Amino acid sequence: RSAPLTPLCSAGTRFRPLSFEVPKPLFPVAGVPMVQHHIEACAKVPGMKEILLMGFYQPNEALSRFLVSAQQEFKIPIRYLQEYAALGTGGGIYHFRDQILSGGAEAFFVLNADVCSEFPLQEMLEFRQQHGDVHSFVILGTTANRTQALNYGCIVANADTQEVQHYVEKPSTFVSEIINCGIYLFTPAIFQHIGEVFQRNQQELALEESSNGWQRAEVIRLEQDVFTALAGSGKLYVYKTDGFWSQIKSAGSAIYASRLYLNQYSKSHPERLAQNKPGGPVIRGNVYIHPTASIDSTAVLGPNVSIGEGVTVGAGVRVRESIVLHGASLHDHTCVLNTIVGWDSTIGRWARVEGTPSDPNPNDPYAKIDSETLFRDGRLTPSITILGCSVTIPAEVVILNSIVLPHKELSRSYKNQIIL
């Protein structure tokens with residue numbers, strides 16, 4: 001019935017140094033690539049015909065391998081469509097509209113790759129049948145607090161019908177606490193509306209002879225260019241979810257997203273959660289351990305820890321609120337808190353690697369994660385510690401709130417530094 005689409009649009013600049021190694025959507029969150037959570041949700045929708053991934057990435061071996069294994073696991077065709085330039089979400093789906101419509105789709109989902117969610121796709125389909133007509137479009141919305149709502153697309157909807165009456169992307173003053181989750185249900189009729197924006201862009205560019213040629217009529221932002229115009233036309237509705245949702249813009253938000261997914265595993269994938277067993281490590285809270293990892297029985301892991309493929313964890317190691325990527329080695333008695341340990345990195349004995357979490361306010365049910373800036377007042381903002389791939393941390397040093405670029409061998413302790 002529906003051909004969903006996951007644009008992999010973000011270049012992952014705020015995700016460096018981790019996005020140097022893999023495209024951001026393949027970064028493991030709660031033990032599986034970020035975009036696999038999207039694919040799992042799509043594959044569960046009855047009548048789903050095909051999944052198209054779109055982005056500006058040069059397809060590489062990692063992406064090809066992932067597509068092959070995901071197709072086998074989820075028994076659904078999955079293809080990658082590469083944009084010739086970064087076109088924005090609206091421009092991307094408009095450029096590939098023939099591919100999207102080729103299967104005769106009655107409807108299709110569009111999911112941004114850099115969000116984590118329960119993905120209530122089936123509920124969005126049912127909501128569309130109850131509200132509006134078969135040609136209406138649905139945005140997934142959630143509630144944010146008043147100050148944080150300004151950082152998102154804000155939706156004003158009719159309280160009875162949930163029809164979107166007004167849409168503003170990142171307003172300068174308070175508009176609504178209902179925000180756009182970056183998950184949409186469209187019918188083919190959306191292409192007519194995007195086409196109108198495309199025509200208008202072409203006319204404006206033709207008039208602006210002074211433009212340097214770098215602007216493209218094909219670059220179309222779904223939110224600002226399409227939703228703003230559609231609001232109030234009776235065609236756009238919002239389905240509000242109470243389920244979890246967060247953006248994954250920075251590496252710090254990946255640890256928070258990992259916590260949300262690990263929490264959901266108790267219902268959706270209990271087999272992915274590690275259990276306390278005789279002779280095994282001490283598990284506290286939700287922990288994912290790849291079957292190939294080697295973990296000493298005296299290690300203590302959790303809560304919110306994800307241990308990747310081939311990782312070695314020594315005696316007396318303590319890991320909390322962290323993601324340890326494949327091939328990393330934590331030597332005896334290391335302490336790793338609020339940190340992402342990069343691929344094939346090594347942390348020496350008795351070293352301490354720690355960051356500062358950037359979690360939402362736990363006392364506010366509607367708080368979202370702040371997309372923290374790297375610097376504030378010319379100084380590095382304290383945040384989680386990130387070790388790029390193949391970083392070596394010597395024994396008995398302390399690394400606090402720092403970002404270490406790949407292939408560095410440190411010789412001393414660091415605090416609040418970016419180590420280039």
# chains A, B, ... in the order shown; residues from 1 in each chain; ligands from 1

call {"tool": "select_by_dssp", "arguments": {"residues": "region 112-325 of chain A", "states": "helix (DSSP H, G or I)", "output": "JSON, numbers by chain"}}
result
{"A": [121, 122, 123, 124, 125, 126, 127, 128, 129, 130, 148, 149, 150, 151, 190, 191, 192, 193, 194, 195, 196, 197, 198, 199, 200, 201, 202, 203, 204, 205, 206, 207, 222, 223, 224, 225, 226, 227, 228, 229, 230, 251, 252, 253, 254, 255, 256, 257, 258, 259, 260, 261, 262, 263, 264, 265, 266, 267, 268, 270, 271, 272]}

call {"tool": "residues_around", "arguments": {"residues": "Glu73 (chain A)", "least_positions_apart": "3", "cutoff": "12 Å", "atoms": "only C-alpha atoms", "output": "PyMOL selection string"}}
result
chain A and resi 36+39-40+43+66-70+76-78

call {"tool": "closest_atom_pairs", "arguments": {"of": "region 244-329 of chain A", "to": "region 14-31 of chain A", "cutoff": "6 Å", "atoms": "only C-alpha atoms", "output": "Markdown table"}}
result
| residue | atom | partner | partner_atom | distance |
| --- | --- | --- | --- | --- |
| A:Ser250 | CA | A:Phe15 | CA | 5.0 |
| A:Ala251 | CA | A:Phe15 | CA | 5.2 |
| A:Ser258 | CA | A:Ala30 | CA | 4.6 |
| A:Leu262 | CA | A:Ala30 | CA | 5.8 |
| A:Ser306 | CA | A:Ala30 | CA | 5.7 |

call {"tool": "closest_residue", "arguments": {"among": "A:Ser176, A:Thr385, A:Asn158, A:Asn112", "to": "Leu222 (chain A)", "atoms": "only C-alpha atoms"}}
result
A:Asn112

call {"tool": "closest_residue", "arguments": {"among": "A:Gln72, A:Val319, A:Glu163, A:Thr147", "to": "Gly232 (chain A)", "atoms": "only C-alpha atoms"}}
result
A:Glu163

call {"tool": "select_by_dssp", "arguments": {"residues": "region 102-132 of chain A", "states": "strand (DSSP E)", "output": "VMD selection string"}}
result
chain A and resid 108 to 111 115 to 117

call {"tool": "write_last_selection", "arguments": {"atoms": "C-alpha atoms", "output": "short mmCIF file (atom, residue, chain, number, x, y, z; two decimals), in the first residue's frame"}}
result
data_model
loop_
_atom_site.label_atom_id
_atom_site.label_comp_id
_atom_site.auth_asym_id
_atom_site.auth_seq_id
_atom_site.Cartn_x
_atom_site.Cartn_y
_atom_site.Cartn_z
CA PHE A 108 4.07 6.72 1.20
CA PHE A 109 5.89 7.70 4.38
CA VAL A 110 8.83 10.09 4.55
CA LEU A 111 11.05 9.75 7.62
CA VAL A 115 15.27 11.25 14.46
CA CYS A 116 14.65 8.49 16.95
CA SER A 117 11.05 7.54 17.61
#

call {"tool": "atom_distance", "arguments": {"atom1": "CA of Pro357 (chain A)", "atom2": "CA of Thr292 (chain A)"}}
result
28.2 Å

call {"tool": "residues_around", "arguments": {"residues": "Gly234 (chain A)", "least_positions_apart": "4", "cutoff": "12 Å", "atoms": "only C-alpha atoms", "output": "list in words"}}
result
His131, Gly132, Asp133, His135, Ser136, Phe137, Val138, Ala157, Asn158, Thr161, Gln162, Glu163, Val164, Gln165, His166, Phe227, Ala229, Leu230 and Val238 of chain A

call {"tool": "residues_around", "arguments": {"residues": "Gly316 (chain A)", "least_positions_apart": "6", "cutoff": "8 Å", "atoms": "only C-alpha atoms", "output": "number ranges by chain"}}
result
A: 296, 298-300, 332-334

call {"tool": "write_last_selection", "arguments": {"atoms": "N, CA and C atoms", "output": "short mmCIF file (atom, residue, chain, number, x, y, z; two decimals), in the first residue's frame"}}
result
data_model
loop_
_atom_site.label_atom_id
_atom_site.label_comp_id
_atom_site.auth_asym_id
_atom_site.auth_seq_id
_atom_site.Cartn_x
_atom_site.Cartn_y
_atom_site.Cartn_z
N ASP A 296 34.89 -9.23 30.73
CA ASP A 296 35.32 -9.88 31.97
C ASP A 296 34.16 -9.93 32.96
N THR A 298 34.09 -9.45 36.01
CA THR A 298 34.13 -8.45 37.09
C THR A 298 33.78 -7.05 36.59
N ALA A 299 33.47 -6.91 35.30
CA ALA A 299 33.08 -5.60 34.76
C ALA A 299 31.66 -5.26 35.21
N VAL A 300 31.37 -3.97 35.33
CA VAL A 300 30.01 -3.52 35.67
C VAL A 300 29.54 -2.58 34.54
N ASP A 332 41.96 -3.16 31.92
CA ASP A 332 41.48 -3.38 33.29
C ASP A 332 41.28 -2.07 34.06
N HIS A 333 40.18 -2.02 34.79
CA HIS A 333 39.89 -0.93 35.74
C HIS A 333 39.71 0.44 35.09
N THR A 334 39.39 0.48 33.81
CA THR A 334 39.06 1.79 33.23
C THR A 334 37.63 2.16 33.64
#

call {"tool": "closest_residue", "arguments": {"among": "A:Ala62, A:Val175, A:Ala257, A:Leu236", "to": "Leu150 (chain A)", "atoms": "only C-alpha atoms"}}
result
A:Val175

call {"tool": "residues_around", "arguments": {"residues": "Thr392 (chain A)", "least_positions_apart": "2", "cutoff": "7 Å", "atoms": "only C-alpha atoms", "output": "short mmCIF file (atom, residue, chain, number, x, y, z; two decimals) with all heavy atoms, in the first residue's frame"}}
result
data_model
loop_
_atom_site.label_atom_id
_atom_site.label_comp_id
_atom_site.auth_asym_id
_atom_site.auth_seq_id
_atom_site.Cartn_x
_atom_site.Cartn_y
_atom_site.Cartn_z
N SER A 345 39.44 1.88 19.15
CA SER A 345 40.19 2.71 20.11
C SER A 345 40.57 1.86 21.32
O SER A 345 39.96 0.84 21.61
CB SER A 345 39.35 3.90 20.55
OG SER A 345 39.27 4.83 19.50
N THR A 346 41.60 2.35 22.04
CA THR A 346 42.12 1.62 23.21
C THR A 346 42.20 2.57 24.38
O THR A 346 42.73 3.68 24.25
CB THR A 346 43.54 1.07 22.91
OG1 THR A 346 43.47 0.27 21.73
CG2 THR A 346 44.06 0.24 24.05
N ILE A 347 41.68 2.13 25.53
CA ILE A 347 41.79 2.93 26.76
C ILE A 347 42.61 2.12 27.75
O ILE A 347 42.29 0.98 28.07
CB ILE A 347 40.39 3.25 27.34
CG1 ILE A 347 39.56 4.01 26.30
CG2 ILE A 347 40.52 4.07 28.62
CD1 ILE A 347 38.16 4.37 26.74
N SER A 390 40.37 4.59 16.29
CA SER A 390 41.80 4.30 16.49
C SER A 390 42.50 5.34 17.36
O SER A 390 43.61 5.77 17.05
CB SER A 390 42.52 4.16 15.14
OG SER A 390 41.91 3.18 14.37
N PRO A 394 46.47 6.57 27.11
CA PRO A 394 47.42 5.83 27.94
C PRO A 394 46.84 5.46 29.30
O PRO A 394 45.77 5.94 29.68
CB PRO A 394 48.59 6.81 28.10
CG PRO A 394 48.01 8.15 27.84
CD PRO A 394 46.82 7.97 26.94
N LYS A 408 44.67 9.40 17.03
CA LYS A 408 45.52 10.17 17.95
C LYS A 408 46.01 9.24 19.05
O LYS A 408 45.25 8.41 19.56
CB LYS A 408 44.72 11.31 18.61
CG LYS A 408 44.29 12.38 17.64
CD LYS A 408 45.39 13.38 17.40
CE LYS A 408 45.18 14.13 16.11
NZ LYS A 408 46.15 13.92 15.09
N GLU A 409 47.26 9.44 19.42
CA GLU A 409 47.82 8.71 20.56
C GLU A 409 48.11 9.75 21.62
O GLU A 409 49.01 10.58 21.45
CB GLU A 409 49.09 7.98 20.12
CG GLU A 409 49.47 6.90 21.08
CD GLU A 409 50.44 5.89 20.45
OE1 GLU A 409 50.33 5.60 19.24
OE2 GLU A 409 51.31 5.44 21.19
N LEU A 410 47.33 9.76 22.70
CA LEU A 410 47.48 10.81 23.72
C LEU A 410 48.59 10.41 24.70
O LEU A 410 48.85 9.22 24.90
CB LEU A 410 46.17 11.02 24.47
CG LEU A 410 44.95 11.36 23.60
CD1 LEU A 410 43.78 11.74 24.46
CD2 LEU A 410 45.27 12.50 22.63
#

call {"tool": "residues_around", "arguments": {"residues": "Thr173 (chain A)", "least_positions_apart": "5", "cutoff": "12 Å", "atoms": "only C-alpha atoms", "output": "PyMOL selection string"}}
result
chain A and resi 146-152+154+168

call {"tool": "atom_distance", "arguments": {"atom1": "CA of Arg284 (chain A)", "atom2": "CA of Ile393 (chain A)"}}
result
25.8 Å

call {"tool": "closest_residue", "arguments": {"among": "A:Tyr288, A:Met48, A:Pro188, A:Glu218", "to": "Gly88 (chain A)", "atoms": "only C-alpha atoms"}}
result
A:Glu218

call {"tool": "residues_around", "arguments": {"residues": "Arg97 (chain A)", "least_positions_apart": "3", "cutoff": "12 Å", "atoms": "only C-alpha atoms", "output": "list in words"}}
result
Ala3, Leu5, Leu52, Met54, Leu81, Gly90, Gly91, Gly92, Ile93, Tyr94, Ile100, Leu101, Ser102, Gly103, Gly104, Ala105, Phe108, Thr187, Pro188, Ala189, Ile190, Phe191, Gln192, Ile194 and Gly195 of chain A

call {"tool": "write_last_selection", "arguments": {"atoms": "N, CA, C and O atoms", "output": "compact mmCIF listing (two decimals), in the first residue's frame"}}
result
# COMPACT_ATOMS: atom_id res chain seq x y z
N ALA A 3 4.81 3.10 -0.18
CA ALA A 3 6.25 2.99 -0.42
C ALA A 3 6.93 4.04 0.44
O ALA A 3 6.85 5.20 0.15
N LEU A 5 9.88 6.16 2.51
CA LEU A 5 11.11 6.76 2.03
C LEU A 5 11.85 7.34 3.21
O LEU A 5 11.25 8.03 4.01
N LEU A 52 12.83 3.10 0.14
CA LEU A 52 13.83 3.84 -0.64
C LEU A 52 14.60 4.73 0.33
O LEU A 52 14.01 5.48 1.10
N MET A 54 17.21 7.82 0.54
CA MET A 54 17.68 8.90 -0.33
C MET A 54 18.71 9.73 0.39
O MET A 54 18.59 9.99 1.58
N LEU A 81 18.87 5.77 -3.37
CA LEU A 81 18.84 6.72 -4.49
C LEU A 81 19.73 7.90 -4.12
O LEU A 81 19.51 8.57 -3.12
N GLY A 90 12.16 18.14 0.43
CA GLY A 90 11.15 18.34 -0.62
C GLY A 90 11.74 18.15 -2.01
O GLY A 90 11.17 17.47 -2.87
N GLY A 91 12.92 18.75 -2.22
CA GLY A 91 13.58 18.63 -3.53
C GLY A 91 13.98 17.21 -3.84
O GLY A 91 13.89 16.74 -4.98
N GLY A 92 14.42 16.48 -2.80
CA GLY A 92 14.85 15.09 -3.01
C GLY A 92 13.70 14.19 -3.44
O GLY A 92 13.81 13.45 -4.41
N ILE A 93 12.57 14.28 -2.72
CA ILE A 93 11.46 13.39 -3.10
C ILE A 93 10.85 13.82 -4.44
O ILE A 93 10.38 12.99 -5.21
N TYR A 94 10.92 15.13 -4.75
CA TYR A 94 10.39 15.59 -6.05
C TYR A 94 11.27 15.09 -7.19
O TYR A 94 10.78 14.65 -8.23
N ILE A 100 9.40 6.85 -6.84
CA ILE A 100 8.47 6.66 -5.71
C ILE A 100 7.12 6.16 -6.22
O ILE A 100 6.49 5.29 -5.60
N LEU A 101 6.68 6.69 -7.37
CA LEU A 101 5.34 6.36 -7.87
C LEU A 101 5.33 5.11 -8.75
O LEU A 101 4.26 4.63 -9.10
N SER A 102 6.53 4.60 -9.09
CA SER A 102 6.58 3.51 -10.07
C SER A 102 5.85 2.26 -9.60
O SER A 102 5.34 1.49 -10.40
N GLY A 103 5.77 2.05 -8.28
CA GLY A 103 5.06 0.84 -7.79
C GLY A 103 3.58 1.05 -7.65
O GLY A 103 2.89 0.19 -7.10
N GLY A 104 3.05 2.19 -8.11
CA GLY A 104 1.62 2.46 -7.99
C GLY A 104 1.19 2.71 -6.56
O GLY A 104 0.11 2.31 -6.14
N ALA A 105 2.08 3.40 -5.79
CA ALA A 105 1.78 3.63 -4.36
C ALA A 105 0.56 4.51 -4.18
O ALA A 105 0.42 5.54 -4.83
N PHE A 108 2.71 7.07 0.79
CA PHE A 108 4.07 6.72 1.20
C PHE A 108 4.46 7.56 2.42
O PHE A 108 3.95 8.65 2.63
N THR A 187 0.33 11.36 0.08
CA THR A 187 -0.19 10.67 -1.10
C THR A 187 0.53 11.29 -2.30
O THR A 187 1.18 12.33 -2.17
N PRO A 188 0.41 10.68 -3.48
CA PRO A 188 1.08 11.25 -4.66
C PRO A 188 0.70 12.70 -4.94
O PRO A 188 1.44 13.43 -5.61
N ALA A 189 -0.43 13.16 -4.38
CA ALA A 189 -0.86 14.55 -4.62
C ALA A 189 0.13 15.57 -4.07
O ALA A 189 0.13 16.73 -4.50
N ILE A 190 1.02 15.14 -3.16
CA ILE A 190 2.00 16.09 -2.60
C ILE A 190 2.91 16.65 -3.70
O ILE A 190 3.39 17.78 -3.62
N PHE A 191 3.13 15.85 -4.76
CA PHE A 191 4.08 16.28 -5.80
C PHE A 191 3.55 17.48 -6.57
O PHE A 191 4.34 18.27 -7.09
N GLN A 192 2.24 17.61 -6.63
CA GLN A 192 1.67 18.80 -7.29
C GLN A 192 2.05 20.06 -6.50
O GLN A 192 2.45 21.07 -7.08
N ILE A 194 4.62 20.38 -4.36
CA ILE A 194 6.07 20.63 -4.45
C ILE A 194 6.40 21.20 -5.83
O ILE A 194 7.24 22.09 -5.96
N GLY A 195 5.70 20.71 -6.86
CA GLY A 195 5.91 21.20 -8.23
C GLY A 195 5.63 22.69 -8.34
O GLY A 195 6.33 23.42 -9.06

call {"tool": "closest_residue", "arguments": {"among": "A:Ile403, A:Cys181, A:Ile295, A:Leu53", "to": "Phe96 (chain A)", "atoms": "only C-alpha atoms"}}
result
A:Leu53

call {"tool": "closest_residue", "arguments": {"among": "A:Ile399, A:Gly314, A:Ala107, A:Asp370", "to": "Gly355 (chain A)", "atoms": "only C-alpha atoms"}}
result
A:Ile399
